[in-house]
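Asks: For reference, this is my_file37.cif, and it has mmCIF, N, CA and C atoms.
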```
data_structure
loop_
_atom_site.label_atom_id
_atom_site.label_comp_id
_atom_site.auth_asym_id
_atom_site.auth_seq_id
_atom_site.Cartn_x
_atom_site.Cartn_y
_atom_site.Cartn_z
N MET A 868 -1.25 8.88 -0.75
CA MET A 868 -1.71 7.82 0.13
C MET A 868 -2.37 8.44 1.37
N ILE A 869 -3.55 7.96 1.70
CA ILE A 869 -4.23 8.51 2.88
C ILE A 869 -4.05 7.56 4.06
N THR A 870 -4.09 8.14 5.26
CA THR A 870 -3.91 7.35 6.48
C THR A 870 -5.23 6.71 6.89
N SER A 871 -5.17 5.79 7.84
CA SER A 871 -6.40 5.13 8.30
C SER A 871 -7.32 6.13 8.99
N LYS A 872 -6.75 7.13 9.66
CA LYS A 872 -7.56 8.17 10.30
C LYS A 872 -8.30 8.99 9.24
N GLN A 873 -7.61 9.33 8.16
CA GLN A 873 -8.24 10.09 7.08
C GLN A 873 -9.30 9.23 6.38
N ARG A 874 -9.00 7.95 6.20
CA ARG A 874 -9.96 7.03 5.57
C ARG A 874 -11.24 6.95 6.41
N ALA A 875 -11.09 6.86 7.73
CA ALA A 875 -12.25 6.80 8.63
C ALA A 875 -13.06 8.09 8.55
N TYR A 876 -12.37 9.23 8.48
CA TYR A 876 -13.03 10.52 8.36
C TYR A 876 -13.84 10.58 7.06
N LEU A 877 -13.23 10.15 5.96
CA LEU A 877 -13.91 10.16 4.66
C LEU A 877 -15.09 9.19 4.63
N ARG A 878 -14.94 8.03 5.27
CA ARG A 878 -16.05 7.07 5.36
C ARG A 878 -17.23 7.70 6.09
N GLY A 879 -16.93 8.45 7.14
CA GLY A 879 -17.99 9.15 7.88
C GLY A 879 -18.71 10.17 7.02
N LEU A 880 -17.96 10.90 6.21
CA LEU A 880 -18.58 11.88 5.31
C LEU A 880 -19.46 11.20 4.27
N ALA A 881 -19.03 10.04 3.80
CA ALA A 881 -19.76 9.33 2.75
C ALA A 881 -20.98 8.59 3.27
N ASN A 882 -21.05 8.38 4.57
CA ASN A 882 -22.15 7.60 5.18
C ASN A 882 -23.52 8.05 4.71
N ASP A 883 -23.79 9.35 4.82
CA ASP A 883 -25.12 9.87 4.51
C ASP A 883 -25.28 10.27 3.05
N ALA A 884 -24.19 10.28 2.30
CA ALA A 884 -24.25 10.70 0.90
C ALA A 884 -24.90 9.61 0.06
N PRO A 885 -25.73 10.02 -0.91
CA PRO A 885 -26.33 9.01 -1.80
C PRO A 885 -25.31 8.56 -2.84
N ALA A 886 -25.54 7.38 -3.40
CA ALA A 886 -24.70 6.92 -4.51
C ALA A 886 -25.08 7.75 -5.73
N ILE A 887 -24.10 8.40 -6.37
CA ILE A 887 -24.42 9.29 -7.48
C ILE A 887 -24.34 8.60 -8.84
N LEU A 888 -23.68 7.44 -8.89
CA LEU A 888 -23.56 6.70 -10.15
C LEU A 888 -23.77 5.22 -9.92
N GLN A 889 -24.17 4.52 -10.99
CA GLN A 889 -24.33 3.07 -10.92
C GLN A 889 -23.47 2.43 -12.01
N VAL A 890 -22.83 1.33 -11.66
CA VAL A 890 -22.08 0.55 -12.63
C VAL A 890 -23.00 -0.60 -13.03
N GLY A 891 -23.44 -0.58 -14.29
CA GLY A 891 -24.41 -1.57 -14.76
C GLY A 891 -23.79 -2.60 -15.67
N LYS A 892 -24.60 -3.14 -16.58
CA LYS A 892 -24.16 -4.26 -17.40
C LYS A 892 -23.03 -3.89 -18.36
N GLY A 893 -22.83 -2.61 -18.61
CA GLY A 893 -21.72 -2.19 -19.46
C GLY A 893 -20.38 -2.32 -18.77
N GLY A 894 -20.40 -2.44 -17.46
CA GLY A 894 -19.15 -2.56 -16.70
C GLY A 894 -18.39 -1.25 -16.64
N LEU A 895 -17.07 -1.34 -16.56
CA LEU A 895 -16.22 -0.16 -16.43
C LEU A 895 -15.83 0.35 -17.81
N THR A 896 -16.71 1.12 -18.40
CA THR A 896 -16.45 1.66 -19.74
C THR A 896 -15.63 2.94 -19.64
N GLU A 897 -15.08 3.35 -20.78
CA GLU A 897 -14.31 4.59 -20.85
C GLU A 897 -15.19 5.78 -20.46
N ASN A 898 -16.45 5.74 -20.91
CA ASN A 898 -17.39 6.81 -20.62
C ASN A 898 -17.68 6.91 -19.11
N LEU A 899 -17.86 5.77 -18.48
CA LEU A 899 -18.11 5.74 -17.03
C LEU A 899 -16.90 6.29 -16.28
N LEU A 900 -15.71 5.87 -16.67
CA LEU A 900 -14.49 6.36 -16.00
C LEU A 900 -14.35 7.86 -16.15
N LYS A 901 -14.70 8.41 -17.31
CA LYS A 901 -14.63 9.86 -17.52
C LYS A 901 -15.63 10.57 -16.61
N THR A 902 -16.83 10.02 -16.50
CA THR A 902 -17.86 10.60 -15.64
C THR A 902 -17.43 10.58 -14.17
N VAL A 903 -16.87 9.44 -13.73
CA VAL A 903 -16.40 9.33 -12.35
C VAL A 903 -15.25 10.30 -12.10
N SER A 904 -14.35 10.44 -13.07
CA SER A 904 -13.22 11.37 -12.94
C SER A 904 -13.71 12.81 -12.79
N ASP A 905 -14.70 13.18 -13.61
CA ASP A 905 -15.27 14.53 -13.51
C ASP A 905 -15.94 14.75 -12.15
N ALA A 906 -16.65 13.73 -11.67
CA ALA A 906 -17.31 13.83 -10.37
C ALA A 906 -16.28 13.95 -9.24
N LEU A 907 -15.18 13.20 -9.35
CA LEU A 907 -14.12 13.29 -8.34
C LEU A 907 -13.47 14.67 -8.34
N GLU A 908 -13.30 15.25 -9.51
CA GLU A 908 -12.70 16.58 -9.60
C GLU A 908 -13.61 17.62 -8.93
N ALA A 909 -14.91 17.47 -9.11
CA ALA A 909 -15.86 18.42 -8.55
C ALA A 909 -16.13 18.19 -7.06
N ARG A 910 -16.25 16.91 -6.64
CA ARG A 910 -16.68 16.59 -5.27
C ARG A 910 -15.59 16.02 -4.38
N GLU A 911 -14.60 15.40 -4.97
CA GLU A 911 -13.51 14.70 -4.30
C GLU A 911 -13.91 13.36 -3.69
N LEU A 912 -15.14 13.22 -3.24
CA LEU A 912 -15.62 11.99 -2.60
C LEU A 912 -16.86 11.52 -3.36
N VAL A 913 -16.80 10.30 -3.90
CA VAL A 913 -17.88 9.80 -4.75
C VAL A 913 -18.29 8.42 -4.28
N LYS A 914 -19.61 8.21 -4.17
CA LYS A 914 -20.14 6.89 -3.82
C LYS A 914 -20.84 6.33 -5.05
N LEU A 915 -20.53 5.06 -5.36
CA LEU A 915 -21.11 4.39 -6.52
C LEU A 915 -21.79 3.09 -6.08
N HIS A 916 -22.77 2.68 -6.86
CA HIS A 916 -23.50 1.44 -6.60
C HIS A 916 -23.17 0.46 -7.73
N ILE A 917 -22.73 -0.73 -7.38
CA ILE A 917 -22.42 -1.76 -8.37
C ILE A 917 -23.64 -2.67 -8.50
N LEU A 918 -24.24 -2.69 -9.69
CA LEU A 918 -25.43 -3.51 -9.92
C LEU A 918 -25.04 -4.98 -10.12
N GLU A 919 -25.98 -5.87 -9.85
CA GLU A 919 -25.75 -7.32 -9.99
C GLU A 919 -25.31 -7.70 -11.40
N ASN A 920 -25.88 -7.04 -12.41
CA ASN A 920 -25.62 -7.43 -13.79
C ASN A 920 -24.35 -6.80 -14.38
N SER A 921 -23.56 -6.15 -13.55
CA SER A 921 -22.35 -5.49 -14.06
C SER A 921 -21.25 -6.49 -14.39
N GLY A 922 -21.29 -7.67 -13.77
CA GLY A 922 -20.24 -8.65 -14.00
C GLY A 922 -18.97 -8.33 -13.22
N GLU A 923 -19.03 -7.34 -12.34
CA GLU A 923 -17.88 -6.92 -11.54
C GLU A 923 -18.17 -7.20 -10.06
N THR A 924 -17.12 -7.55 -9.32
CA THR A 924 -17.27 -7.58 -7.87
C THR A 924 -17.05 -6.15 -7.39
N PRO A 925 -17.72 -5.75 -6.32
CA PRO A 925 -17.51 -4.39 -5.83
C PRO A 925 -16.05 -4.08 -5.53
N ARG A 926 -15.33 -4.99 -4.87
CA ARG A 926 -13.91 -4.76 -4.54
C ARG A 926 -13.06 -4.64 -5.82
N GLY A 927 -13.30 -5.53 -6.77
CA GLY A 927 -12.56 -5.49 -8.02
C GLY A 927 -12.80 -4.21 -8.81
N ALA A 928 -14.07 -3.80 -8.86
CA ALA A 928 -14.42 -2.57 -9.57
C ALA A 928 -13.79 -1.36 -8.89
N ALA A 929 -13.82 -1.33 -7.55
CA ALA A 929 -13.23 -0.22 -6.81
C ALA A 929 -11.74 -0.10 -7.08
N GLU A 930 -11.04 -1.21 -7.02
CA GLU A 930 -9.59 -1.19 -7.23
C GLU A 930 -9.24 -0.83 -8.67
N ALA A 931 -10.01 -1.34 -9.63
CA ALA A 931 -9.75 -1.01 -11.03
C ALA A 931 -9.98 0.48 -11.31
N MET A 932 -11.06 1.02 -10.76
CA MET A 932 -11.33 2.45 -10.95
C MET A 932 -10.28 3.31 -10.27
N ALA A 933 -9.90 2.93 -9.05
CA ALA A 933 -8.88 3.70 -8.33
C ALA A 933 -7.57 3.74 -9.11
N ARG A 934 -7.17 2.59 -9.67
CA ARG A 934 -5.94 2.54 -10.48
C ARG A 934 -6.06 3.43 -11.71
N ALA A 935 -7.19 3.31 -12.41
CA ALA A 935 -7.38 4.04 -13.66
C ALA A 935 -7.49 5.55 -13.45
N LEU A 936 -8.01 5.96 -12.29
CA LEU A 936 -8.28 7.38 -12.06
C LEU A 936 -7.32 8.04 -11.08
N GLY A 937 -6.38 7.29 -10.53
CA GLY A 937 -5.46 7.87 -9.55
C GLY A 937 -6.17 8.25 -8.27
N ALA A 938 -7.16 7.44 -7.89
CA ALA A 938 -7.97 7.73 -6.70
C ALA A 938 -7.64 6.73 -5.59
N GLU A 939 -8.21 6.94 -4.43
CA GLU A 939 -8.07 6.05 -3.28
C GLU A 939 -9.40 5.37 -3.02
N VAL A 940 -9.37 4.08 -2.71
CA VAL A 940 -10.58 3.38 -2.29
C VAL A 940 -10.77 3.67 -0.81
N VAL A 941 -11.85 4.37 -0.49
CA VAL A 941 -12.15 4.70 0.91
C VAL A 941 -12.83 3.53 1.59
N GLY A 942 -13.74 2.89 0.87
CA GLY A 942 -14.44 1.76 1.47
C GLY A 942 -15.29 1.01 0.46
N VAL A 943 -15.52 -0.26 0.75
CA VAL A 943 -16.42 -1.10 -0.03
C VAL A 943 -17.35 -1.76 0.98
N THR A 944 -18.64 -1.44 0.89
CA THR A 944 -19.63 -2.00 1.80
C THR A 944 -20.77 -2.56 0.98
N GLY A 945 -20.90 -3.86 0.99
CA GLY A 945 -21.94 -4.49 0.18
C GLY A 945 -21.70 -4.19 -1.29
N LYS A 946 -22.66 -3.58 -1.94
CA LYS A 946 -22.56 -3.22 -3.36
C LYS A 946 -22.17 -1.76 -3.56
N LYS A 947 -21.86 -1.06 -2.49
CA LYS A 947 -21.49 0.36 -2.57
C LYS A 947 -19.98 0.51 -2.43
N ILE A 948 -19.41 1.40 -3.25
CA ILE A 948 -17.99 1.72 -3.13
C ILE A 948 -17.84 3.23 -3.01
N VAL A 949 -16.81 3.65 -2.28
CA VAL A 949 -16.53 5.06 -2.09
C VAL A 949 -15.09 5.32 -2.54
N LEU A 950 -14.94 6.31 -3.42
CA LEU A 950 -13.62 6.70 -3.92
C LEU A 950 -13.32 8.14 -3.54
N TYR A 951 -12.03 8.43 -3.34
CA TYR A 951 -11.59 9.78 -3.01
C TYR A 951 -10.39 10.15 -3.87
N ARG A 952 -10.41 11.38 -4.38
CA ARG A 952 -9.25 11.94 -5.06
C ARG A 952 -9.28 13.44 -4.84
N GLN A 953 -8.18 13.98 -4.32
CA GLN A 953 -8.14 15.42 -4.06
C GLN A 953 -8.21 16.18 -5.38
N SER A 954 -9.00 17.25 -5.39
CA SER A 954 -9.15 18.07 -6.59
C SER A 954 -7.85 18.77 -6.92
N SER A 955 -7.50 18.80 -8.20
CA SER A 955 -6.27 19.46 -8.61
C SER A 955 -6.45 20.98 -8.68
N LYS A 956 -7.70 21.43 -8.80
CA LYS A 956 -7.95 22.87 -8.92
C LYS A 956 -8.25 23.54 -7.58
N LYS A 957 -9.27 23.03 -6.91
CA LYS A 957 -9.70 23.65 -5.65
C LYS A 957 -10.14 22.57 -4.67
N PRO A 958 -9.25 22.17 -3.75
CA PRO A 958 -9.62 21.14 -2.77
C PRO A 958 -10.87 21.55 -1.98
N VAL A 959 -11.79 20.61 -1.82
CA VAL A 959 -13.06 20.86 -1.14
C VAL A 959 -13.04 20.31 0.28
N ILE A 960 -12.44 19.12 0.45
CA ILE A 960 -12.45 18.43 1.73
C ILE A 960 -11.11 18.62 2.43
N GLY A 961 -11.16 19.12 3.67
CA GLY A 961 -9.95 19.25 4.47
C GLY A 961 -9.75 17.98 5.29
N LEU A 962 -8.70 17.23 4.98
CA LEU A 962 -8.44 15.97 5.70
C LEU A 962 -7.74 16.24 7.02
N PRO A 963 -8.08 15.47 8.07
CA PRO A 963 -7.33 15.59 9.33
C PRO A 963 -5.91 15.06 9.14
N LEU A 964 -5.00 15.55 9.96
CA LEU A 964 -3.61 15.12 9.83
C LEU A 964 -3.33 13.80 10.47
#
```
Using structure tokens, write down the structure that the file contains.

Replies:
Amino acid sequence: MITSKQRAYLRGLANDAPAILQVGKGGLTENLLKTVSDALEARELVKLHILENSGETPRGAAEAMARALGAEVVGVTGKKIVLYRQSSKKPVIGLPL
């Protein structure tokens, strides 16, 4: 569980980052979850864009992905969601205490 201070720090890091994945009409498929999991392992912080035709609300998609992947929802802004999960191999982001 991350604190509100850590969440704010992560939101700041994600501000300028581009969305690296899009959730489209296929919705939250097994393949998409695997791709997001791999991206979280490599980057720890991932921004995704939820397309109109996905049939998902951004908040719902964020919470479903976080549950499925053991990640934290950092933020949901408009159609963009940001997820965080510390890497099990080599942590990249140092969180403030």

Asks: Please write as a PDB file with N, CA and C atoms, keeping the file's coordinate frame the full residue list that the PyMOL selection byres ((chain A and resi 929-943) around 8) yields on this file.

Replies:
```pdb
ATOM      1  N   MET A 868      -1.250   8.880  -0.750  1.00  0.00           N
ATOM      2  CA  MET A 868      -1.710   7.820   0.130  1.00  0.00           C
ATOM      3  C   MET A 868      -2.370   8.440   1.370  1.00  0.00           C
ATOM      4  N   ILE A 869      -3.550   7.960   1.700  1.00  0.00           N
ATOM      5  CA  ILE A 869      -4.230   8.510   2.880  1.00  0.00           C
ATOM      6  C   ILE A 869      -4.050   7.560   4.060  1.00  0.00           C
ATOM      7  N   GLN A 873      -7.610   9.330   8.160  1.00  0.00           N
ATOM      8  CA  GLN A 873      -8.240  10.090   7.080  1.00  0.00           C
ATOM      9  C   GLN A 873      -9.300   9.230   6.380  1.00  0.00           C
ATOM     10  N   ARG A 874      -9.000   7.950   6.200  1.00  0.00           N
ATOM     11  CA  ARG A 874      -9.960   7.030   5.570  1.00  0.00           C
ATOM     12  C   ARG A 874     -11.240   6.950   6.410  1.00  0.00           C
ATOM     13  N   ALA A 875     -11.090   6.860   7.730  1.00  0.00           N
ATOM     14  CA  ALA A 875     -12.250   6.800   8.630  1.00  0.00           C
ATOM     15  C   ALA A 875     -13.060   8.090   8.550  1.00  0.00           C
ATOM     16  N   LEU A 877     -13.230  10.150   5.960  1.00  0.00           N
ATOM     17  CA  LEU A 877     -13.910  10.160   4.660  1.00  0.00           C
ATOM     18  C   LEU A 877     -15.090   9.190   4.630  1.00  0.00           C
ATOM     19  N   ARG A 878     -14.940   8.030   5.270  1.00  0.00           N
ATOM     20  CA  ARG A 878     -16.050   7.070   5.360  1.00  0.00           C
ATOM     21  C   ARG A 878     -17.230   7.700   6.090  1.00  0.00           C
ATOM     22  N   LEU A 895     -17.070  -1.340 -16.560  1.00  0.00           N
ATOM     23  CA  LEU A 895     -16.220  -0.160 -16.430  1.00  0.00           C
ATOM     24  C   LEU A 895     -15.830   0.350 -17.810  1.00  0.00           C
ATOM     25  N   LEU A 900     -15.710   5.870 -16.670  1.00  0.00           N
ATOM     26  CA  LEU A 900     -14.490   6.360 -16.000  1.00  0.00           C
ATOM     27  C   LEU A 900     -14.350   7.860 -16.150  1.00  0.00           C
ATOM     28  N   VAL A 903     -16.870   9.440 -13.730  1.00  0.00           N
ATOM     29  CA  VAL A 903     -16.400   9.330 -12.350  1.00  0.00           C
ATOM     30  C   VAL A 903     -15.250  10.300 -12.100  1.00  0.00           C
ATOM     31  N   SER A 904     -14.350  10.440 -13.070  1.00  0.00           N
ATOM     32  CA  SER A 904     -13.220  11.370 -12.940  1.00  0.00           C
ATOM     33  C   SER A 904     -13.710  12.810 -12.790  1.00  0.00           C
ATOM     34  N   GLU A 923     -19.030  -7.340 -12.340  1.00  0.00           N
ATOM     35  CA  GLU A 923     -17.880  -6.920 -11.540  1.00  0.00           C
ATOM     36  C   GLU A 923     -18.170  -7.200 -10.060  1.00  0.00           C
ATOM     37  N   THR A 924     -17.120  -7.550  -9.320  1.00  0.00           N
ATOM     38  CA  THR A 924     -17.270  -7.580  -7.870  1.00  0.00           C
ATOM     39  C   THR A 924     -17.050  -6.150  -7.390  1.00  0.00           C
ATOM     40  N   PRO A 925     -17.720  -5.750  -6.320  1.00  0.00           N
ATOM     41  CA  PRO A 925     -17.510  -4.390  -5.830  1.00  0.00           C
ATOM     42  C   PRO A 925     -16.050  -4.080  -5.530  1.00  0.00           C
ATOM     43  N   ARG A 926     -15.330  -4.990  -4.870  1.00  0.00           N
ATOM     44  CA  ARG A 926     -13.910  -4.760  -4.540  1.00  0.00           C
ATOM     45  C   ARG A 926     -13.060  -4.640  -5.820  1.00  0.00           C
ATOM     46  N   GLY A 927     -13.300  -5.530  -6.770  1.00  0.00           N
ATOM     47  CA  GLY A 927     -12.560  -5.490  -8.020  1.00  0.00           C
ATOM     48  C   GLY A 927     -12.800  -4.210  -8.810  1.00  0.00           C
ATOM     49  N   ALA A 928     -14.070  -3.800  -8.860  1.00  0.00           N
ATOM     50  CA  ALA A 928     -14.420  -2.570  -9.570  1.00  0.00           C
ATOM     51  C   ALA A 928     -13.790  -1.360  -8.890  1.00  0.00           C
ATOM     52  N   THR A 944     -18.640  -1.440   0.890  1.00  0.00           N
ATOM     53  CA  THR A 944     -19.630  -2.000   1.800  1.00  0.00           C
ATOM     54  C   THR A 944     -20.770  -2.560   0.980  1.00  0.00           C
ATOM     55  N   GLY A 945     -20.900  -3.860   0.990  1.00  0.00           N
ATOM     56  CA  GLY A 945     -21.940  -4.490   0.180  1.00  0.00           C
ATOM     57  C   GLY A 945     -21.700  -4.190  -1.290  1.00  0.00           C
ATOM     58  N   LYS A 946     -22.660  -3.580  -1.940  1.00  0.00           N
ATOM     59  CA  LYS A 946     -22.560  -3.220  -3.360  1.00  0.00           C
ATOM     60  C   LYS A 946     -22.170  -1.760  -3.560  1.00  0.00           C
ATOM     61  N   LYS A 947     -21.860  -1.060  -2.490  1.00  0.00           N
ATOM     62  CA  LYS A 947     -21.490   0.360  -2.570  1.00  0.00           C
ATOM     63  C   LYS A 947     -19.980   0.510  -2.430  1.00  0.00           C
ATOM     64  N   ILE A 948     -19.410   1.400  -3.250  1.00  0.00           N
ATOM     65  CA  ILE A 948     -17.990   1.720  -3.130  1.00  0.00           C
ATOM     66  C   ILE A 948     -17.840   3.230  -3.010  1.00  0.00           C
ATOM     67  N   VAL A 949     -16.810   3.650  -2.280  1.00  0.00           N
ATOM     68  CA  VAL A 949     -16.530   5.060  -2.090  1.00  0.00           C
ATOM     69  C   VAL A 949     -15.090   5.320  -2.540  1.00  0.00           C
ATOM     70  N   LEU A 950     -14.940   6.310  -3.420  1.00  0.00           N
ATOM     71  CA  LEU A 950     -13.620   6.700  -3.920  1.00  0.00           C
ATOM     72  C   LEU A 950     -13.320   8.140  -3.540  1.00  0.00           C
ATOM     73  N   TYR A 951     -12.030   8.430  -3.340  1.00  0.00           N
ATOM     74  CA  TYR A 951     -11.590   9.780  -3.010  1.00  0.00           C
ATOM     75  C   TYR A 951     -10.390  10.150  -3.870  1.00  0.00           C
ATOM     76  N   ARG A 952     -10.410  11.380  -4.380  1.00  0.00           N
ATOM     77  CA  ARG A 952      -9.250  11.940  -5.060  1.00  0.00           C
ATOM     78  C   ARG A 952      -9.280  13.440  -4.840  1.00  0.00           C
ATOM     79  N   GLN A 953      -8.180  13.980  -4.320  1.00  0.00           N
ATOM     80  CA  GLN A 953      -8.140  15.420  -4.060  1.00  0.00           C
ATOM     81  C   GLN A 953      -8.210  16.180  -5.380  1.00  0.00           C
TER      82      GLN A 953
END
```

Asks: Rounded to one decimal, what separation in Å do you get between atom N of Ala884 (chain A) and atom C of Leu915 (chain A)?

Replies: 11.3 Å

Asks: What's the separation between atom N of Leu888 (chain A) and CA of Ser921 (chain A), in Å to one decimal place?

Replies: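 Rounded to one decimal, the two atoms are 14.0 Å apart.
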
Asks: Run DSSP on the backbone and tell me which residues of region 868-963 of chain A come out as strand (DSSP E or B); list them as a PyMOL selection string.

Replies: chain A and resi 888-890+912-917+939-944+947-951

Asks: Given the file shown, determine the residues that the PyMOL selection byres ((chain A and resi 890) around 6) selects; report them as a PyMOL selection string.

Replies: chain A and resi 888-889+891-894+915-918+921

Asks: Can you measure atom C of Lys914 (chain A) to CA of Pro958 (chain A) for me? One decimal in Å is fine.

Replies: 18.7 Å
